[in-house]
>>> print(open('query.pdb').read())   # PDB, C-alpha atoms, pLDDT in the B column
ATOM      1  CA  LYS F   1      85.659 132.590 108.857  1.00 81.00           C
ATOM      2  CA  GLN F   2      85.787 131.637 105.178  1.00 89.00           C
ATOM      3  CA  GLU F   3      82.884 129.466 103.992  1.00 93.00           C
ATOM      4  CA  VAL F   4      83.171 127.604 100.690  1.00 96.00           C
ATOM      5  CA  THR F   5      80.120 126.186  98.938  1.00 97.00           C
ATOM      6  CA  GLN F   6      79.966 123.969  95.871  1.00 97.00           C
ATOM      7  CA  ILE F   7      76.885 123.499  93.765  1.00 93.00           C
ATOM      8  CA  PRO F   8      75.616 121.065  92.652  1.00 93.00           C
ATOM      9  CA  ALA F   9      76.553 118.353  95.139  1.00 95.00           C
ATOM     10  CA  ALA F  10      76.219 115.762  92.400  1.00 96.00           C
ATOM     11  CA  LEU F  11      75.935 115.881  88.637  1.00 96.00           C
ATOM     12  CA  SER F  12      75.367 113.190  86.029  1.00 97.00           C
ATOM     13  CA  VAL F  13      75.841 113.898  82.327  1.00 97.00           C
ATOM     14  CA  PRO F  14      76.151 111.874  79.130  1.00 97.00           C
ATOM     15  CA  GLU F  15      79.551 111.564  77.527  1.00 97.00           C
ATOM     16  CA  GLY F  16      80.499 114.470  75.272  1.00 97.00           C
ATOM     17  CA  GLU F  17      78.596 117.178  77.122  1.00 97.00           C
ATOM     18  CA  ASN F  18      80.201 120.393  78.270  1.00 97.00           C
ATOM     19  CA  LEU F  19      79.577 121.162  81.930  1.00 96.00           C
ATOM     20  CA  VAL F  20      80.159 123.768  84.606  1.00 97.00           C
ATOM     21  CA  LEU F  21      80.876 123.235  88.284  1.00 97.00           C
ATOM     22  CA  ASN F  22      80.374 126.107  90.689  1.00 97.00           C
ATOM     23  CA  CYS F  23      82.252 127.259  93.761  1.00 98.00           C
ATOM     24  CA  SER F  24      81.405 130.251  95.942  1.00 97.00           C
ATOM     25  CA  PHE F  25      83.205 131.737  98.919  1.00 97.00           C
ATOM     26  CA  THR F  26      82.232 134.319 101.499  1.00 96.00           C
ATOM     27  CA  ASP F  27      85.437 136.330 101.989  1.00 92.00           C
ATOM     28  CA  SER F  28      86.851 137.838  98.799  1.00 90.00           C
ATOM     29  CA  ALA F  29      90.256 138.596 100.368  1.00 89.00           C
ATOM     30  CA  ILE F  30      91.911 135.480  98.998  1.00 91.00           C
ATOM     31  CA  TYR F  31      95.401 134.700  97.713  1.00 90.00           C
ATOM     32  CA  ASN F  32      94.373 132.022  95.264  1.00 94.00           C
ATOM     33  CA  LEU F  33      91.825 129.358  94.460  1.00 96.00           C
ATOM     34  CA  GLN F  34      92.699 125.799  93.553  1.00 96.00           C
ATOM     35  CA  TRP F  35      90.579 123.103  91.902  1.00 97.00           C
ATOM     36  CA  PHE F  36      91.241 119.460  92.749  1.00 97.00           C
ATOM     37  CA  ARG F  37      89.999 116.121  91.554  1.00 97.00           C
ATOM     38  CA  GLN F  38      89.504 113.208  93.937  1.00 96.00           C
ATOM     39  CA  ASP F  39      88.890 109.644  92.834  1.00 94.00           C
ATOM     40  CA  PRO F  40      87.199 107.246  95.296  1.00 90.00           C
ATOM     41  CA  GLY F  41      89.566 106.195  98.068  1.00 86.00           C
ATOM     42  CA  LYS F  42      92.350 108.388  96.735  1.00 88.00           C
ATOM     43  CA  GLY F  43      94.050 111.643  97.608  1.00 90.00           C
ATOM     44  CA  LEU F  44      93.529 114.961  95.854  1.00 94.00           C
ATOM     45  CA  THR F  45      95.047 115.743  92.477  1.00 95.00           C
ATOM     46  CA  SER F  46      95.647 119.409  91.682  1.00 95.00           C
ATOM     47  CA  LEU F  47      93.962 120.505  88.440  1.00 97.00           C
ATOM     48  CA  LEU F  48      94.266 124.264  88.260  1.00 96.00           C
ATOM     49  CA  LEU F  49      95.450 127.119  90.454  1.00 95.00           C
ATOM     50  CA  ILE F  50      94.176 130.644  89.899  1.00 95.00           C
ATOM     51  CA  GLN F  51      96.002 133.495  91.586  1.00 92.00           C
ATOM     52  CA  SER F  52      93.859 136.268  93.009  1.00 92.00           C
ATOM     53  CA  SER F  53      95.088 138.647  90.311  1.00 92.00           C
ATOM     54  CA  GLN F  54      94.043 136.280  87.513  1.00 94.00           C
ATOM     55  CA  ARG F  55      90.645 135.804  85.930  1.00 95.00           C
ATOM     56  CA  GLU F  56      91.079 132.342  84.469  1.00 95.00           C
ATOM     57  CA  GLN F  57      93.372 129.379  83.899  1.00 96.00           C
ATOM     58  CA  THR F  58      93.204 126.681  81.259  1.00 97.00           C
ATOM     59  CA  SER F  59      94.598 123.170  81.104  1.00 96.00           C
ATOM     60  CA  GLY F  60      93.518 120.966  78.236  1.00 97.00           C
ATOM     61  CA  ARG F  61      89.742 120.524  78.379  1.00 97.00           C
ATOM     62  CA  LEU F  62      89.525 122.348  81.714  1.00 98.00           C
ATOM     63  CA  ASN F  63      89.002 126.056  82.198  1.00 98.00           C
ATOM     64  CA  ALA F  64      88.659 127.684  85.586  1.00 97.00           C
ATOM     65  CA  SER F  65      87.482 131.234  86.100  1.00 97.00           C
ATOM     66  CA  LEU F  66      87.634 133.461  89.137  1.00 97.00           C
ATOM     67  CA  ASP F  67      85.498 136.460  90.040  1.00 96.00           C
ATOM     68  CA  LYS F  68      86.963 137.514  93.343  1.00 93.00           C
ATOM     69  CA  SER F  69      84.668 140.454  93.917  1.00 92.00           C
ATOM     70  CA  SER F  70      81.566 138.293  93.729  1.00 95.00           C
ATOM     71  CA  GLY F  71      83.183 135.355  95.514  1.00 96.00           C
ATOM     72  CA  ARG F  72      82.738 132.873  92.689  1.00 97.00           C
ATOM     73  CA  SER F  73      84.716 130.429  90.625  1.00 97.00           C
ATOM     74  CA  THR F  74      83.627 128.024  87.930  1.00 97.00           C
ATOM     75  CA  LEU F  75      85.292 124.951  86.495  1.00 97.00           C
ATOM     76  CA  TYR F  76      84.316 124.308  82.899  1.00 98.00           C
ATOM     77  CA  ILE F  77      84.917 120.835  81.482  1.00 98.00           C
ATOM     78  CA  ALA F  78      84.629 120.510  77.726  1.00 98.00           C
ATOM     79  CA  ALA F  79      83.636 117.348  75.876  1.00 98.00           C
ATOM     80  CA  SER F  80      83.295 115.282  79.045  1.00 97.00           C
ATOM     81  CA  GLN F  81      84.544 111.698  79.113  1.00 97.00           C
ATOM     82  CA  PRO F  82      83.752 108.761  81.439  1.00 97.00           C
ATOM     83  CA  GLY F  83      87.275 109.113  82.825  1.00 97.00           C
ATOM     84  CA  ASP F  84      86.300 112.549  84.144  1.00 98.00           C
ATOM     85  CA  SER F  85      84.013 110.864  86.685  1.00 98.00           C
ATOM     86  CA  ALA F  86      85.283 111.882  90.113  1.00 97.00           C
ATOM     87  CA  THR F  87      84.635 114.370  92.903  1.00 97.00           C
ATOM     88  CA  TYR F  88      85.787 117.892  92.148  1.00 98.00           C
ATOM     89  CA  LEU F  89      86.800 120.098  95.059  1.00 97.00           C
ATOM     90  CA  CYS F  90      87.607 123.772  95.175  1.00 97.00           C
ATOM     91  CA  ALA F  91      89.841 125.252  97.858  1.00 96.00           C
ATOM     92  CA  VAL F  92      90.318 128.887  98.726  1.00 95.00           C
ATOM     93  CA  MET F  93      93.653 130.058 100.117  1.00 91.00           C
ATOM     94  CA  ASP F  94      93.377 132.965 102.515  1.00 85.00           C
ATOM     95  CA  ASN F  95      96.665 133.868 104.222  1.00 79.00           C
ATOM     96  CA  ASN F  96      97.950 130.277 104.426  1.00 77.00           C
ATOM     97  CA  ASP F  97      94.538 129.040 105.458  1.00 83.00           C
ATOM     98  CA  MET F  98      93.204 126.670 102.772  1.00 89.00           C
ATOM     99  CA  ARG F  99      89.476 125.935 103.069  1.00 92.00           C
ATOM    100  CA  PHE F 100      87.538 123.440 101.015  1.00 95.00           C
ATOM    101  CA  GLY F 101      84.040 123.053  99.729  1.00 95.00           C
ATOM    102  CA  ALA F 102      82.246 119.719 100.105  1.00 95.00           C
ATOM    103  CA  GLY F 103      82.787 118.902  96.448  1.00 96.00           C
ATOM    104  CA  THR F 104      80.720 118.035  93.390  1.00 97.00           C
ATOM    105  CA  ARG F 105      80.471 114.348  92.536  1.00 97.00           C
ATOM    106  CA  LEU F 106      80.514 114.083  88.746  1.00 98.00           C
ATOM    107  CA  THR F 107      79.413 111.019  86.796  1.00 97.00           C
ATOM    108  CA  VAL F 108      79.906 110.944  83.039  1.00 98.00           C
ATOM    109  CA  LYS F 109      77.894 108.155  81.445  1.00 97.00           C
ATOM    110  CA  PRO F 110      79.226 106.400  78.344  1.00 95.00           C
TER     111      PRO F 110
ATOM    112  CA  GLY E   1     110.479 111.645  96.565  1.00 52.00           C
ATOM    113  CA  ALA E   2     108.438 112.930  93.693  1.00 79.00           C
ATOM    114  CA  GLY E   3     105.266 113.524  95.652  1.00 94.00           C
ATOM    115  CA  VAL E   4     103.827 113.743  99.143  1.00 97.00           C
ATOM    116  CA  SER E   5     104.036 110.399 100.892  1.00 97.00           C
ATOM    117  CA  GLN E   6     101.834 109.324 103.775  1.00 97.00           C
ATOM    118  CA  THR E   7     102.276 106.243 105.910  1.00 97.00           C
ATOM    119  CA  PRO E   8     100.616 104.006 106.762  1.00 97.00           C
ATOM    120  CA  SER E   9      97.973 103.980 104.030  1.00 96.00           C
ATOM    121  CA  ASN E  10      95.589 102.202 106.377  1.00 97.00           C
ATOM    122  CA  LYS E  11      95.524 101.967 110.136  1.00 98.00           C
ATOM    123  CA  VAL E  12      93.069 100.053 112.296  1.00 98.00           C
ATOM    124  CA  THR E  13      93.310 100.652 116.011  1.00 97.00           C
ATOM    125  CA  GLU E  14      91.302  99.936 119.103  1.00 97.00           C
ATOM    126  CA  LYS E  15      89.428 102.640 120.944  1.00 98.00           C
ATOM    127  CA  GLY E  16      91.669 104.271 123.524  1.00 97.00           C
ATOM    128  CA  LYS E  17      94.947 103.513 121.767  1.00 98.00           C
ATOM    129  CA  TYR E  18      97.564 106.001 120.604  1.00 98.00           C
ATOM    130  CA  VAL E  19      98.354 106.399 116.888  1.00 98.00           C
ATOM    131  CA  GLU E  20     100.903 108.267 114.821  1.00 98.00           C
ATOM    132  CA  LEU E  21     100.427 109.205 111.188  1.00 98.00           C
ATOM    133  CA  ARG E  22     103.415 110.253 109.105  1.00 98.00           C
ATOM    134  CA  CYS E  23     103.725 112.707 106.243  1.00 98.00           C
ATOM    135  CA  ASP E  24     106.780 113.142 104.007  1.00 98.00           C
ATOM    136  CA  PRO E  25     106.322 116.359 102.018  1.00 97.00           C
ATOM    137  CA  ILE E  26     107.840 117.187  98.672  1.00 96.00           C
ATOM    138  CA  SER E  27     111.509 118.027  99.169  1.00 95.00           C
ATOM    139  CA  GLY E  28     112.055 121.740  99.677  1.00 94.00           C
ATOM    140  CA  HIS E  29     108.445 122.530 100.509  1.00 95.00           C
ATOM    141  CA  THR E  30     108.281 124.722 103.584  1.00 94.00           C
ATOM    142  CA  ALA E  31     104.515 124.696 104.079  1.00 94.00           C
ATOM    143  CA  LEU E  32     102.722 121.572 105.311  1.00 96.00           C
ATOM    144  CA  TYR E  33      99.033 121.045 106.015  1.00 96.00           C
ATOM    145  CA  TRP E  34      97.028 118.329 107.732  1.00 97.00           C
ATOM    146  CA  TYR E  35      93.365 117.744 106.913  1.00 97.00           C
ATOM    147  CA  ARG E  36      90.746 115.236 107.962  1.00 97.00           C
ATOM    148  CA  GLN E  37      88.092 113.996 105.550  1.00 96.00           C
ATOM    149  CA  SER E  38      84.946 112.081 106.417  1.00 94.00           C
ATOM    150  CA  LEU E  39      82.924 110.203 103.823  1.00 89.00           C
ATOM    151  CA  GLY E  40      81.101 112.535 101.461  1.00 86.00           C
ATOM    152  CA  GLN E  41      82.648 115.660 102.971  1.00 90.00           C
ATOM    153  CA  GLY E  42      85.351 118.057 101.893  1.00 92.00           C
ATOM    154  CA  PRO E  43      88.673 118.052 103.734  1.00 94.00           C
ATOM    155  CA  GLU E  44      88.532 119.742 107.128  1.00 94.00           C
ATOM    156  CA  PHE E  45      91.562 121.815 108.136  1.00 93.00           C
ATOM    157  CA  LEU E  46      93.522 120.625 111.159  1.00 96.00           C
ATOM    158  CA  ILE E  47      96.920 122.333 111.281  1.00 96.00           C
ATOM    159  CA  TYR E  48      99.383 124.274 109.134  1.00 94.00           C
ATOM    160  CA  PHE E  49     103.171 124.340 109.510  1.00 95.00           C
ATOM    161  CA  GLN E  50     105.544 126.903 108.076  1.00 93.00           C
ATOM    162  CA  GLY E  51     108.959 125.343 108.551  1.00 92.00           C
ATOM    163  CA  THR E  52     109.190 123.777 111.983  1.00 93.00           C
ATOM    164  CA  GLY E  53     106.512 125.850 113.642  1.00 91.00           C
ATOM    165  CA  ALA E  54     102.777 125.346 113.742  1.00 90.00           C
ATOM    166  CA  ALA E  55     101.579 128.630 112.253  1.00 88.00           C
ATOM    167  CA  ASP E  56      97.917 127.725 112.702  1.00 90.00           C
ATOM    168  CA  ASP E  57      96.589 124.835 114.802  1.00 93.00           C
ATOM    169  CA  SER E  58      93.074 126.183 115.141  1.00 91.00           C
ATOM    170  CA  GLY E  59      91.573 123.162 113.393  1.00 93.00           C
ATOM    171  CA  LEU E  60      92.747 120.556 115.885  1.00 96.00           C
ATOM    172  CA  PRO E  61      89.476 119.324 117.431  1.00 95.00           C
ATOM    173  CA  ASN E  62      90.755 118.848 120.989  1.00 95.00           C
ATOM    174  CA  ASP E  63      93.884 118.247 123.042  1.00 96.00           C
ATOM    175  CA  ARG E  64      94.035 114.571 122.053  1.00 98.00           C
ATOM    176  CA  PHE E  65      95.390 115.718 118.698  1.00 98.00           C
ATOM    177  CA  PHE E  66      98.938 116.986 118.312  1.00 97.00           C
ATOM    178  CA  ALA E  67     101.318 117.401 115.380  1.00 97.00           C
ATOM    179  CA  VAL E  68     105.034 118.023 115.085  1.00 97.00           C
ATOM    180  CA  ARG E  69     107.521 118.864 112.363  1.00 96.00           C
ATOM    181  CA  PRO E  70     110.812 119.012 114.239  1.00 95.00           C
ATOM    182  CA  GLU E  71     113.192 119.483 111.306  1.00 94.00           C
ATOM    183  CA  GLY E  72     110.904 121.315 108.956  1.00 92.00           C
ATOM    184  CA  SER E  73     110.383 118.312 106.700  1.00 95.00           C
ATOM    185  CA  VAL E  74     108.605 115.155 107.906  1.00 97.00           C
ATOM    186  CA  SER E  75     105.537 115.719 110.049  1.00 98.00           C
ATOM    187  CA  THR E  76     103.765 113.382 112.448  1.00 98.00           C
ATOM    188  CA  LEU E  77     100.139 113.707 113.499  1.00 98.00           C
ATOM    189  CA  LYS E  78      99.585 112.123 116.892  1.00 98.00           C
ATOM    190  CA  ILE E  79      96.223 111.109 118.306  1.00 98.00           C
ATOM    191  CA  GLN E  80      95.905 110.010 121.910  1.00 98.00           C
ATOM    192  CA  ARG E  81      93.092 107.943 123.417  1.00 98.00           C
ATOM    193  CA  THR E  82      91.485 107.401 120.042  1.00 98.00           C
ATOM    194  CA  GLU E  83      87.713 107.441 119.755  1.00 97.00           C
ATOM    195  CA  ARG E  84      85.457 105.900 117.116  1.00 97.00           C
ATOM    196  CA  GLY E  85      84.626 109.420 115.927  1.00 96.00           C
ATOM    197  CA  ASP E  86      88.267 109.898 114.938  1.00 97.00           C
ATOM    198  CA  SER E  87      87.765 107.417 112.095  1.00 97.00           C
ATOM    199  CA  ALA E  88      88.393 109.280 108.852  1.00 97.00           C
ATOM    200  CA  VAL E  89      90.938 109.761 106.098  1.00 97.00           C
ATOM    201  CA  TYR E  90      93.785 111.995 107.224  1.00 98.00           C
ATOM    202  CA  LEU E  91      95.310 113.967 104.365  1.00 97.00           C
ATOM    203  CA  CYS E  92      98.607 115.790 104.236  1.00 97.00           C
ATOM    204  CA  ALA E  93      99.583 118.467 101.722  1.00 96.00           C
ATOM    205  CA  SER E  94     102.704 120.491 101.101  1.00 95.00           C
ATOM    206  CA  SER E  95     103.501 123.610  99.111  1.00 93.00           C
ATOM    207  CA  LEU E  96     106.689 125.412  98.234  1.00 92.00           C
ATOM    208  CA  MET E  97     105.754 128.220 100.577  1.00 84.00           C
ATOM    209  CA  GLY E  98     102.570 129.550 102.028  1.00 78.00           C
ATOM    210  CA  ASN E  99      99.827 130.608  99.644  1.00 81.00           C
ATOM    211  CA  THR E 100     101.186 128.593  96.697  1.00 87.00           C
ATOM    212  CA  GLU E 101      99.954 125.483  94.909  1.00 90.00           C
ATOM    213  CA  ALA E 102      99.354 122.621  97.305  1.00 92.00           C
ATOM    214  CA  PHE E 103     100.026 118.950  96.565  1.00 95.00           C
ATOM    215  CA  PHE E 104      98.358 116.168  98.501  1.00 95.00           C
ATOM    216  CA  GLY E 105      99.380 112.703  99.571  1.00 96.00           C
ATOM    217  CA  GLN E 106      97.139 109.658  99.179  1.00 95.00           C
ATOM    218  CA  GLY E 107      95.987 109.875 102.765  1.00 96.00           C
ATOM    219  CA  THR E 108      95.888 107.542 105.737  1.00 97.00           C
ATOM    220  CA  ARG E 109      92.570 105.827 106.379  1.00 97.00           C
ATOM    221  CA  LEU E 110      92.200 105.542 110.145  1.00 98.00           C
ATOM    222  CA  THR E 111      89.593 103.181 111.560  1.00 98.00           C
ATOM    223  CA  VAL E 112      88.988 103.094 115.295  1.00 98.00           C
ATOM    224  CA  VAL E 113      87.132  99.963 116.421  1.00 97.00           C
TER     225      VAL E 113
END
>>> encode(input="query.pdb", output="structure tokens")
Amino acid sequence: KQEVTQIPAALSVPEGENLVLNCSFTDSAIYNLQWFRQDPGKGLTSLLLIQSSQREQTSGRLNASLDKSSGRSTLYIAASQPGDSATYLCAVMDNNDMRFGAGTRLTVKP
Amino acid sequence: GAGVSQTPSNKVTEKGKYVELRCDPISGHTALYWYRQSLGQGPEFLIYFQGTGAADDSGLPNDRFFAVRPEGSVSTLKIQRTERGDSAVYLCASSLMGNTEAFFGQGTRLTVV
């Protein structure tokens, strides 16, 4: 059974810093990996999807990388802003089975 | 609609009652997922539909939980004899087909008192 782990569980940084969120998974036979953002009391907003054949995806200040063989993905956020404060979740898709980590709660202080 | 819609947004029910939670996926999306999320946790998989059929229901915690998608579009998650431990946010997601980008609704917050 696929296990997804996200480290750290919580992170607090001052505004303007670059930061990296980590996601690891136990079974490398995946179709894709998706990063989501969740604001308190809200649903999940899709940020980036990386197919298993890809190494990275970029959207604005966000860059996600995937190393399937080592079971790792990172989400890099450049020049963080207070509006980036949220919980970030990674989900691994393995033959229609989408499994989530517990998330990293990010706080960006003004 | 433009996105995944879940109704109701909030539901408070008494222990032992029956509840139904509805999910309207994005039009044309064949894959539909139900998840349950407790405070401070990641979403926990419940069931996955491909079209009308439940392709994977291994996440349903027990036989009080059941889900249907009779016409391959709207899905209903049904919980019988609710217990206080069923209190959580129930999330629905859809994707164009299996193994593609998933889009989530805003969730239904279920509180069993």
>>> resolve_selection(input="query.pdb", expression="the PyMOL selection byres ((chain E and resi 31) around 12)", output="VMD selection string")
(chain F and resid 96 to 98) or (chain E and resid 24 to 30 32 to 34 47 to 56 69 72 to 75 92 to 104)
>>> resolve_selection(input="query.pdb", expression="the PyMOL selection byres ((chain E and resi 66) around 10)", output="MDAnalysis selection string")
chainID E and resid 20 46:47 57 60:65 67:68 76:80
>>> resolve_selection(input="query.pdb", expression="the PyMOL selection byres ((chain F and resi 52) around 12)", output="PyMOL selection string")
(chain F and resi 28-34+49-51+53-57+65-69+71-73+92-95) or (chain E and resi 99-100)
>>> axis_aligned_box(input="query.pdb", around="segment 11-25 of chain E", padding_each_side="8 Å", output="JSON")
{"center_x": 98.1, "center_y": 108.1, "center_z": 112.8, "size_x": 33.4, "size_y": 32.4, "size_z": 37.5}
>>> interface_residues(input="query.pdb", of="chain F", to="chain E", cutoff="6 Å", atoms="only C-alpha atoms", output="JSON, numbers by chain")
{"F": [42, 43, 44, 96, 100, 101, 102]}
>>> atom_distance(input="query.pdb", atom1="atom CA of Arg37 of chain F", atom2="atom CA of Pro110 of chain F")
19.6 Å
>>> atom_distance(input="query.pdb", atom1="atom CA of Phe36 of chain F", atom2="atom CA of Cys90 of chain F")
6.1 Å
>>> atom_distance(input="query.pdb", atom1="atom CA of Gln2 of chain F", atom2="atom CA of Phe25 of chain F")
6.8 Å
>>> residues_near_point(input="query.pdb", point="(87.8, 104.2, 120.7)", cutoff="12 Å", atoms="all atoms listed in the file", output="NGL selection string")
:E and (12-19 or 79-87 or 110-113)
>>> residues_near_point(input="query.pdb", point="(87.2, 125.3, 80.9)", cutoff="6 Å", atoms="all atoms listed in the file", output="ChimeraX atom specification")
/F:61-64,75-77
